[in-house]
Each structure stands twice: as C-alpha cells, then as structure tokens.
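What's in final.cif: mmCIF, C-alpha atoms and all ligand atoms
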```cif
data_start
#
loop_
_atom_site.label_atom_id
_atom_site.label_comp_id
_atom_site.auth_asym_id
_atom_site.auth_seq_id
_atom_site.Cartn_x
_atom_site.Cartn_y
_atom_site.Cartn_z
CA ASP A 1 51.03 87.41 57.04
CA ALA A 2 49.74 90.59 55.43
CA TYR A 3 46.53 90.42 57.45
CA ASP A 4 47.06 91.75 60.96
CA ALA A 5 45.05 93.39 63.70
CA GLY A 6 46.57 96.82 63.01
CA GLU A 7 45.90 99.30 65.78
CA HIS A 8 43.57 96.86 67.57
CA ASP A 9 44.59 94.73 70.55
CA SER A 10 42.95 91.70 68.95
CA PHE A 11 41.37 90.47 65.75
CA MET A 12 38.05 90.20 67.55
CA HIS A 13 38.08 93.93 68.22
CA LYS A 14 39.03 94.71 64.64
CA GLU A 15 36.38 92.35 63.29
CA MET A 16 33.63 93.75 65.52
CA LEU A 17 34.33 97.25 64.25
CA GLU A 18 34.36 96.03 60.64
CA GLN A 19 30.73 94.94 60.92
CA PRO A 20 29.08 97.96 59.30
CA ALA A 21 31.32 97.66 56.22
CA ALA A 22 30.91 93.88 56.11
CA ALA A 23 27.12 94.25 56.33
CA GLU A 24 27.16 96.63 53.36
CA ARG A 25 29.04 94.04 51.33
CA VAL A 26 26.63 91.15 51.91
CA LEU A 27 23.70 93.34 50.88
CA ARG A 28 25.38 94.96 47.88
CA GLY A 29 23.70 94.22 44.56
CA ARG A 30 21.21 91.84 46.17
CA LEU A 31 18.33 94.20 47.05
CA ASP A 32 15.62 94.98 44.52
CA GLU A 33 13.68 98.02 45.77
CA ARG A 34 11.42 98.08 42.74
CA PHE A 35 9.94 94.65 43.40
CA GLY A 36 10.63 94.58 47.15
CA THR A 37 12.71 91.43 46.91
CA ALA A 38 16.22 90.02 47.01
CA HIS A 39 18.26 88.57 44.15
CA LEU A 40 20.35 85.59 45.13
CA GLY A 41 21.69 84.17 41.89
CA GLY A 42 23.88 81.65 43.66
CA LEU A 43 20.93 79.64 44.95
CA ASN A 44 20.60 77.98 41.53
CA MET A 45 16.83 77.68 41.93
CA ASP A 46 14.19 79.01 39.55
CA ALA A 47 10.89 80.54 40.71
CA ARG A 48 9.03 77.23 40.36
CA GLU A 49 11.56 75.39 42.52
CA THR A 50 11.56 78.23 45.05
CA ARG A 51 7.77 78.08 45.36
CA ALA A 52 7.82 74.30 45.82
CA ILE A 53 9.72 74.51 49.12
CA ARG A 54 7.53 73.37 52.01
CA ARG A 55 10.03 73.41 54.87
CA VAL A 56 13.42 74.91 55.69
CA LYS A 57 15.95 73.09 57.85
CA ILE A 58 19.04 74.98 58.98
CA LEU A 59 22.23 73.28 60.18
CA GLY A 60 25.30 74.77 61.81
CA CYS A 61 27.54 74.52 64.87
CA GLY A 62 28.20 76.94 67.71
CA SER A 63 27.42 80.52 66.80
CA ALA A 64 26.37 79.43 63.31
CA TYR A 65 23.70 77.22 64.93
CA TYR A 66 22.38 80.09 67.06
CA VAL A 67 22.23 82.48 64.14
CA GLY A 68 20.51 79.63 62.29
CA GLN A 69 17.76 79.85 64.90
CA MET A 70 17.46 83.57 64.17
CA GLY A 71 17.31 82.65 60.47
CA ALA A 72 14.52 80.14 61.06
CA SER A 73 12.43 82.90 62.67
CA LEU A 74 13.07 85.17 59.69
CA VAL A 75 11.97 82.45 57.25
CA GLU A 76 8.83 81.68 59.24
CA GLU A 77 7.92 85.34 59.73
CA LEU A 78 8.58 86.59 56.20
CA ALA A 79 7.90 83.52 54.08
CA ARG A 80 5.52 81.64 56.39
CA ILE A 81 7.38 78.40 55.66
CA PRO A 82 7.93 76.12 58.67
CA ALA A 83 11.61 76.42 59.56
CA ASP A 84 13.92 75.30 62.30
CA ALA A 85 17.60 75.05 63.10
CA GLU A 86 19.46 72.08 64.50
CA ALA A 87 23.03 71.49 65.66
CA ALA A 88 24.75 69.96 62.64
CA SER A 89 26.80 67.81 65.02
CA GLU A 90 23.65 65.93 66.09
CA PHE A 91 21.74 65.77 62.83
CA ARG A 92 23.28 62.81 61.03
CA TYR A 93 23.24 60.56 64.08
CA ARG A 94 19.47 60.44 64.37
CA ASN A 95 18.91 59.09 60.87
CA PRO A 96 17.07 62.25 59.79
CA ILE A 97 14.17 62.06 57.36
CA ILE A 98 15.30 63.83 54.20
CA GLU A 99 12.37 65.33 52.29
CA PRO A 100 12.47 66.44 48.64
CA ASP A 101 10.45 69.61 49.30
CA THR A 102 12.64 70.74 52.22
CA LEU A 103 15.35 73.30 51.59
CA TYR A 104 18.38 72.41 53.74
CA VAL A 105 20.68 75.29 54.64
CA ALA A 106 24.22 74.73 55.95
CA VAL A 107 25.68 77.76 57.77
CA SER A 108 29.40 78.08 58.35
CA GLN A 109 31.97 80.86 58.51
CA SER A 110 34.92 78.65 57.61
CA GLY A 111 33.08 76.23 55.36
CA GLU A 112 35.32 73.53 56.85
CA THR A 113 33.52 72.49 60.06
CA ILE A 114 33.45 68.70 59.82
CA ASP A 115 30.09 68.24 61.57
CA THR A 116 28.40 70.63 59.16
CA LEU A 117 30.17 69.13 56.14
CA LEU A 118 29.13 65.58 57.08
CA ALA A 119 25.53 66.76 57.57
CA VAL A 120 25.61 68.21 54.03
CA GLN A 121 26.95 64.93 52.64
CA GLU A 122 24.28 62.91 54.46
CA ILE A 123 21.51 65.10 53.04
CA ARG A 124 22.89 64.88 49.50
CA ARG A 125 23.39 61.11 49.76
CA LYS A 126 19.66 60.84 50.46
CA GLY A 127 18.65 63.16 47.63
CA GLY A 128 18.03 66.41 49.52
CA ARG A 129 18.81 69.89 48.22
CA VAL A 130 21.31 71.87 50.32
CA ILE A 131 22.39 75.47 50.01
CA GLY A 132 25.26 77.02 51.94
CA LEU A 133 25.56 80.29 53.83
CA VAL A 134 29.33 80.33 53.86
CA ASN A 135 32.00 82.99 54.27
CA VAL A 136 35.09 81.31 52.84
CA VAL A 137 34.86 81.09 49.06
CA GLY A 138 35.68 77.68 47.62
CA SER A 139 35.67 75.97 51.05
CA ALA A 140 34.61 72.33 51.43
CA ILE A 141 31.00 73.09 52.42
CA ALA A 142 30.61 75.67 49.65
CA ARG A 143 31.83 73.10 47.11
CA GLU A 144 29.52 70.34 48.35
CA CYS A 145 26.33 72.43 48.29
CA ASP A 146 23.88 72.76 45.39
CA GLY A 147 24.11 76.53 45.64
CA GLY A 148 24.38 79.23 48.22
CA ILE A 149 24.94 82.73 49.47
CA TYR A 150 28.49 83.89 50.03
CA LEU A 151 28.72 86.15 53.07
CA HIS A 152 31.53 88.51 51.96
CA ALA A 153 32.50 89.31 55.56
CA GLY A 154 36.20 89.18 54.69
CA PRO A 155 38.73 87.12 56.64
CA GLU A 156 37.73 86.34 60.22
CA VAL A 157 40.56 85.28 62.52
CA ALA A 158 39.17 85.47 66.07
CA VAL A 159 37.58 82.25 67.31
CA ALA A 160 34.58 84.26 68.51
CA SER A 161 32.65 85.03 65.33
CA THR A 162 31.35 88.58 64.95
CA LYS A 163 31.22 90.01 61.43
CA ALA A 164 30.62 86.60 59.83
CA LEU A 165 27.75 86.01 62.23
CA THR A 166 26.20 89.36 61.43
CA ASN A 167 26.43 88.57 57.73
CA MET A 168 24.88 85.15 58.31
CA PHE A 169 21.88 86.92 59.82
CA LEU A 170 21.69 89.24 56.81
CA GLY A 171 22.06 86.27 54.46
CA PHE A 172 19.02 84.71 56.13
CA ALA A 173 17.10 87.98 55.82
CA LEU A 174 17.83 88.02 52.06
CA LEU A 175 16.81 84.38 51.72
CA ALA A 176 13.60 84.92 53.70
CA LEU A 177 12.77 87.95 51.57
CA GLN A 178 13.23 86.02 48.34
CA LEU A 179 11.22 83.04 49.62
CA GLY A 180 8.55 85.39 50.97
CA ARG A 181 8.09 87.37 47.78
CA VAL A 182 7.13 84.31 45.72
CA ARG A 183 4.52 83.55 48.40
CA ASP A 184 2.46 85.82 50.65
CA LEU A 185 4.86 88.65 51.45
CA SER A 186 3.49 91.86 49.92
CA ILE A 187 5.56 94.26 47.86
CA ALA A 188 5.00 96.89 50.57
CA ASP A 189 6.37 94.57 53.25
CA GLY A 190 9.26 93.63 50.99
CA ARG A 191 10.14 97.31 50.56
CA ARG A 192 9.72 97.93 54.30
CA LEU A 193 12.27 95.19 55.02
CA ILE A 194 14.66 96.41 52.35
CA ALA A 195 14.59 99.89 53.89
CA GLY A 196 15.24 98.26 57.27
CA LEU A 197 18.18 96.28 55.90
CA GLN A 198 19.65 99.44 54.41
CA ARG A 199 19.49 101.18 57.79
CA LEU A 200 21.26 98.33 59.60
CA PRO A 201 24.94 99.11 58.86
CA GLY A 202 24.57 102.64 60.27
CA GLN A 203 22.65 101.33 63.27
CA ILE A 204 25.32 98.69 63.98
CA GLU A 205 27.79 101.60 63.95
CA GLU A 206 25.63 103.36 66.58
CA VAL A 207 25.77 100.31 68.85
CA LEU A 208 29.54 100.02 68.42
CA ALA A 209 29.84 103.68 69.43
CA GLN A 210 28.59 102.68 72.91
CA GLU A 211 31.78 100.73 73.51
CA ASP A 212 33.02 102.77 76.49
CA ALA A 213 29.80 102.40 78.47
CA LEU A 214 29.62 98.69 77.60
CA ALA A 215 33.24 98.18 78.69
CA GLU A 216 32.45 99.60 82.11
CA LEU A 217 29.41 97.36 82.49
CA ALA A 218 31.35 94.31 81.25
CA GLY A 219 33.98 94.94 83.92
CA ARG A 220 31.31 94.50 86.56
CA LEU A 221 29.77 91.43 84.91
CA ALA A 222 33.23 89.83 84.71
CA GLU A 223 33.26 89.61 88.49
CA ALA A 224 30.37 87.14 88.54
CA GLU A 225 31.18 83.41 88.43
CA SER A 226 27.88 82.66 86.78
CA LEU A 227 25.38 84.58 84.64
CA PHE A 228 22.10 84.06 82.84
CA PHE A 229 21.22 85.36 79.39
CA VAL A 230 17.47 85.32 78.79
CA GLY A 231 15.15 86.16 75.92
CA ARG A 232 11.94 84.98 74.27
CA VAL A 233 11.02 83.99 70.71
CA ARG A 234 13.14 86.34 68.52
CA GLY A 235 15.21 87.19 71.58
CA PHE A 236 16.04 83.64 72.64
CA PRO A 237 18.70 82.87 70.01
CA VAL A 238 20.16 86.29 70.81
CA ALA A 239 20.48 85.19 74.45
CA ARG A 240 22.03 81.88 73.34
CA GLU A 241 24.60 83.66 71.20
CA GLY A 242 25.30 86.17 74.00
CA ALA A 243 25.94 83.34 76.47
CA GLN A 244 28.09 81.50 73.92
CA LYS A 245 30.35 84.51 73.41
CA PHE A 246 30.60 85.18 77.12
CA LYS A 247 31.59 81.63 78.02
CA GLU A 248 33.94 81.19 75.05
CA ILE A 249 36.21 84.09 75.89
CA SER A 250 35.55 85.10 79.52
CA TYR A 251 35.37 81.47 80.79
CA ARG A 252 32.50 82.45 83.08
CA HIS A 253 29.55 80.12 83.33
CA ALA A 254 26.91 81.75 81.14
CA GLU A 255 23.62 79.98 80.59
CA ALA A 256 20.91 80.94 78.15
CA TYR A 257 17.27 80.41 78.99
CA GLN A 258 13.89 81.37 77.67
CA THR A 259 12.63 84.18 79.91
CA SER A 260 9.32 82.32 80.08
CA GLU A 261 11.01 79.19 81.48
CA LEU A 262 12.76 80.95 84.38
CA LYS A 263 9.90 80.13 86.71
CA HIS A 264 10.19 76.45 85.79
CA GLY A 265 13.62 75.98 87.31
CA PRO A 266 16.42 78.52 87.08
CA LEU A 267 14.78 81.08 89.39
CA ALA A 268 16.11 78.87 92.19
CA LEU A 269 19.63 80.02 91.24
CA ILE A 270 18.96 83.77 91.21
CA SER A 271 20.77 85.74 93.90
CA PRO A 272 22.69 89.04 94.21
CA GLU A 273 25.78 87.11 92.96
CA VAL A 274 24.16 85.91 89.71
CA PRO A 275 23.48 88.66 87.14
CA THR A 276 21.03 88.25 84.28
CA VAL A 277 21.35 89.87 80.88
CA ALA A 278 17.82 90.09 79.48
CA ILE A 279 16.82 90.73 75.87
CA VAL A 280 13.71 92.94 75.96
CA PRO A 281 12.99 94.57 72.61
CA GLU A 282 9.83 96.56 72.12
CA ASP A 283 7.61 93.90 70.60
CA GLU A 284 4.54 91.76 71.28
CA LEU A 285 6.18 90.30 74.39
CA THR A 286 7.60 93.34 76.16
CA ASP A 287 5.10 93.36 79.03
CA ARG A 288 5.44 89.64 79.64
CA ASN A 289 9.22 89.93 79.58
CA VAL A 290 9.19 92.76 82.07
CA GLY A 291 6.80 90.79 84.29
CA ALA A 292 9.18 87.81 84.38
CA LEU A 293 12.15 90.06 85.14
CA HIS A 294 10.37 91.36 88.24
CA GLU A 295 10.76 87.82 89.62
CA ILE A 296 14.53 88.26 89.29
CA ASP A 297 14.45 91.76 90.75
CA ALA A 298 12.46 90.52 93.75
CA ARG A 299 15.32 88.09 94.50
CA ARG A 300 17.84 90.90 94.15
CA GLY A 301 19.39 89.40 91.03
CA PRO A 302 21.34 92.13 89.20
CA LEU A 303 19.76 92.89 85.83
CA VAL A 304 21.10 94.24 82.54
CA VAL A 305 18.37 94.83 79.99
CA VAL A 306 19.09 95.11 76.28
CA THR A 307 16.17 97.10 74.95
CA HIS A 308 14.86 99.98 72.87
CA ASP A 309 14.60 103.60 73.85
CA GLY A 310 11.49 104.44 75.88
CA VAL A 311 10.51 100.87 76.80
CA ASP A 312 8.69 100.92 80.14
CA LEU A 313 10.53 98.57 82.47
CA GLY A 314 7.93 99.09 85.18
CA GLY A 315 10.34 100.30 87.86
CA LEU A 316 12.83 97.42 87.48
CA ALA A 317 16.22 98.13 89.03
CA ALA A 318 18.09 97.41 85.81
CA GLU A 319 21.01 98.75 83.81
CA ARG A 320 19.87 99.56 80.29
CA ILE A 321 21.65 98.96 77.03
CA VAL A 322 19.66 100.74 74.33
CA VAL A 323 19.86 99.68 70.68
CA PRO A 324 18.26 101.50 67.73
CA ARG A 325 14.82 100.44 66.51
CA ASN A 326 14.45 98.79 63.14
CA GLU A 327 11.76 96.53 61.70
CA ARG A 328 10.92 93.99 64.40
CA GLU A 329 11.99 91.04 62.28
CA LEU A 330 15.49 92.54 62.03
CA ASP A 331 15.84 93.39 65.74
CA PRO A 332 17.87 90.27 66.66
CA ILE A 333 21.10 91.42 65.03
CA LEU A 334 21.06 94.85 66.67
CA LEU A 335 20.39 93.16 70.03
CA THR A 336 23.35 90.80 69.44
CA VAL A 337 26.08 93.39 68.79
CA PRO A 338 26.23 94.82 72.36
CA LEU A 339 26.60 91.27 73.71
CA GLN A 340 29.78 90.87 71.62
CA LEU A 341 31.20 93.98 73.27
CA LEU A 342 30.21 92.75 76.74
CA ALA A 343 31.98 89.41 76.21
CA TYR A 344 35.03 91.06 74.68
CA HIS A 345 35.48 93.59 77.48
CA ALA A 346 34.84 90.99 80.20
CA ALA A 347 37.58 88.80 78.70
CA LEU A 348 39.90 91.79 78.34
CA ARG A 349 39.34 92.73 81.98
CA LEU A 350 40.10 89.16 83.05
CA GLY A 351 43.29 89.21 80.99
CA HIS A 352 42.41 86.34 78.67
CA ASP A 353 43.66 85.66 75.15
CA ILE A 354 40.75 87.16 73.23
CA ASP A 355 41.43 85.63 69.83
CA LYS A 356 42.51 82.16 70.93
CA PRO A 357 40.46 81.04 73.91
CA ARG A 358 41.67 77.93 75.70
CA ASN A 359 40.47 74.54 74.42
CA LEU A 360 38.80 75.99 71.30
CA ALA A 361 39.69 76.14 67.62
CA LYS A 362 38.44 78.56 64.99
CA SER A 363 37.26 75.69 62.89
CA VAL A 364 36.88 72.14 64.06
CA THR A 365 37.86 69.94 61.13
CA VAL A 366 38.13 66.58 62.89
CA GLU A 367 35.22 64.79 64.49
C1 LIG A 401 33.96 76.34 66.35
C2 LIG A 401 34.14 77.71 66.97
C3 LIG A 401 32.80 78.44 67.09
C4 LIG A 401 32.10 78.46 65.74
C5 LIG A 401 31.89 77.04 65.21
C6 LIG A 401 31.35 76.99 63.81
O1 LIG A 401 33.39 75.46 67.27
O2 LIG A 401 34.73 77.62 68.25
O3 LIG A 401 33.02 79.76 67.52
O4 LIG A 401 30.88 79.12 65.87
O5 LIG A 401 33.16 76.37 65.16
O6 LIG A 401 32.28 77.44 62.88
P1 LIG A 401 31.92 77.70 61.37
O7 LIG A 401 33.23 78.00 60.70
O8 LIG A 401 31.31 76.43 60.83
O9 LIG A 401 30.97 78.84 61.32
#
```
Go ahead and render the structure in this file as structure tokens.
Amino acid sequence: DAYDAGEHDSFMHKEMLEQPAAAERVLRGRLDERFGTAHLGGLNMDARETRAIRRVKILGCGSAYYVGQMGASLVEELARIPADAEAASEFRYRNPIIEPDTLYVAVSQSGETIDTLLAVQEIRRKGGRVIGLVNVVGSAIARECDGGIYLHAGPEVAVASTKALTNMFLGFALLALQLGRVRDLSIADGRRLIAGLQRLPGQIEEVLAQEDALAELAGRLAEAESLFFVGRVRGFPVAREGAQKFKEISYRHAEAYQTSELKHGPLALISPEVPTVAIVPEDELTDRNVGALHEIDARRGPLVVVTHDGVDLGGLAAERIVVPRNERELDPILLTVPLQLLAYHAALRLGHDIDKPRNLAKSVTVE
C-alpha cells in the first residue's frame, strides 16, 4: 500500500497534522470574494430552487452526526433557515415526514455507512431532495444523492475522523454561505465570513502547534475513569465530538452535556476524580458558562477550559487551552481541534491502538 503513516506513529497523527492543507483544498475555487458568496456547482440547484428551501435536515452517524449539528447552527445563523441534525441510524425507523421544500443533507467520510445510505434511499423513495457532503469520490452515498459537495480531505485511514470532519464543517460553512446569500445575508457579512474561512487553515496550524502542552494535559486526563465534556449552543456539538473522540480511542467514559443542564442532574457526579473539559468561547454566553463552571469548581471538580485569549474566567481554578479568535460562527472548528489532540495523547499514554480502536470499524457497512 503506497499510502502509509510515514514518520508518524499513527494515521490519526498524520491526518490531524494534514488538516491545514486539507482545509485549503475544500475551500479552493469555491469562495467568491466579489459577491461574498460560495460557488458549489455540484449541488445541481439553480437560484430559484435554492431560494425555495424552507428547512434543512442533516443526517450522519458518529462524528459526522456531531459535525452535522455544527452545520445546522451554521445554516440557521447564516441563512436563517430552520435546520437540525439527526442520527441517520434512527431516521428511517420513525417513518419521517419527507417534505418537498426541505433540503436533506447526508454527511459521510466514507460514503459507505449503511445507516446513512439507507436514510438517503428512504428520502429519495418519498420524493425528497438529498445532497451529500462526502469525502470518498464515487462512493455509494455520493452516487445516490442528487448532488453534493466533495470534501477533498484525501484518504483518511484512522477510525477517529479528523481532517474529514474539519472539511465537513467547512463544507457546511460554504453551503450556509450560499444559502444565506440568496436570502438575508448581506454582502458585507458574506465577505466577513469568507475572510474568516481564509484565516482558518493558518489558525488550525496554530492550534496543532500546541501539541506538546496538550500532550502533557492529556496524560493527566487519561488517569480519570470518567470525564465530562460540556458546552452550550455552538459549543455543545463541539463537546459531543470531543467526548466521542475521547471514548473511541482512550476507552474512558466521556459524557457530553449542555453546560446549562449540569444543574439538572450531572452535578451529582462531580468530584475531584471526575474532570470536566468545558468549551467556553468568547461569545454571547461566556458569563453564563463561567457561572455554571463555578458550580463544578465549588465541588473541586478539575476543569479544563477551551477558550479564547483574555476571556475572564472569574477566578476559576482551571487549566486553559487557548484557540485563536475567528468569526463567532466559525469558532466550533477551532475549538474542536485541541480535543482531537487530547484524545490522541490520552490514548497514546494508555498504550492503545490509535488507528484501530477495539470494537469499532472505520466504516460500518452492515446494519
Ligand atoms: C463509524 C466510525 C465513526 C464515524 C462513523 C461515520 O461508526 O467509527 O468514527 O464517525 O462511522 O462514518 P462516515 O464514513 O459515514 O463519516
């Protein structure tokens, strides 16, 4: 096999470090600075059809589902179209209502995940329009969709998805931009987001450069049997994806929760033995987030806060992971990258097989 991990100890490590280059590729040729929009020829929809969309429904499994939740926020924020994500594995079993003015989006690295493929077939059987956000060209899901956005992340071997996931997020940003610009999104906002997207590859590089400090922190987190990952609104899918990565490869119990829901149950589990990784960007919710984290601090729960430079944590005893600022809508992907490194280094410390975690397959092609 000509494709190998080279100087890296695992494909996951190689693929994490390839993210800046992969991000450049998914954006290449698709940004229109003049009109502040994106060009996605593969969608096979004209302007009239694009404007007729009243709802966006995103379907994927595992990490693709969590990034789908990030994508739904992007669509709602930029295009102001109601959007949500659902686990593709559940969708077809609840006899979903398929609407002609809903745009269905199937997200998949491999393009072969059976649950996502069967969801696509169910939608098409009932007359719905489905586009794919798919990495593998010519894969089953890509072939079954009415159109789509190829992710151009390059081959991804590690079960834990990194560069494909980042490109899924960027694919959603491009889609949201295009949907937004035929609605209410102004040209100035379109250009602001384009400039933000263009800064992202370099900023992902900056996060990856923190690997040594993150490795040290991950070594300490690896000692815990159980951890929480918490975030709110834009930060919640980030927490879900962070917990997913951590449990997939470190085999520690990692549970994601909305920071706002801590007081409605999980606070009972907080103790000095249960660390919490909290997503606290500088945004509309910073103060509320910090307030909720004081409840953890008061119970001597160890805290790691993924945040921006200069955010006032109000005296919390917390370790900080600082990511670069971008446009708020694009924050989730920069907040996600350090969580990949935490999971990777925890698994490495515990001596696990990084690329092939027990009981899991890269793509699940049987039901
Ligand atoms: C498997 C993997 C997950 C992955 C999911 C979706 O369950 O273990 O890591 O996120 O499939 O894969 P896809 O190829 O559809 O993105």
Hey, which of A:Val120, A:Val75, A:Ala222, A:Met70 ends up closest to Phe91 in chain A? Count only C-alpha atoms.
A:Val120
Quick one: everything within 9 Å of Arg358 in chain A, counting only C-alpha atoms, minus sequence neighbours fewer than 6 positions away in the same chain. Send it as number ranges by chain.
A: 248-249, 251, 352
Write the residues of the preceding selection, restricted to C-alpha atoms, as a compact mmCIF listing (two decimals), in the coordinates of the input.
```txt
# COMPACT_ATOMS: atom_id res chain seq x y z
CA GLU A 248 33.94 81.19 75.05
CA ILE A 249 36.21 84.09 75.89
CA TYR A 251 35.37 81.47 80.79
CA HIS A 352 42.41 86.34 78.67
```
What's around Thr307 in chain A at 10 Å? Count all atoms listed in the file, leave out sequence neighbours fewer than 2 positions away in its own chain, and write the answer as a ChimeraX atom specification.
/A:278-282,286,304-305,309-313,320-325,331,334-335
Site check for ligand LIG 401 (chain A): residues at most 8 Å away, all atoms listed in the file, as number ranges by chain
A: 60-65, 107-113, 116, 134, 159-161, 164-165, 248, 360-364
I'd like to know which of A:Ala224, A:Met45, A:Ala106, A:Ala173 is closest to Pro272 in chain A, using only C-alpha atoms.
A:Ala224
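For Glu156 in chain A, the list of residues within 8 Å, based on all atoms listed in the file and with local chain neighbours fewer than 6 positions off taken out, reads A:Phe11, A:Glu15, A:Lys163, A:Ala164.
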What does the structure give for the distance between CA of Gln178 in chain A and CA of Leu40 in chain A, in Å to one decimal?
7.8 Å
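Here CA of Ser89 in chain A stands at a distance of 26.3 Å from CA of Asn44 in chain A.
The spacing separating CA of Val56 in chain A from CA of Glu261 in chain A amounts to 26.3 Å.
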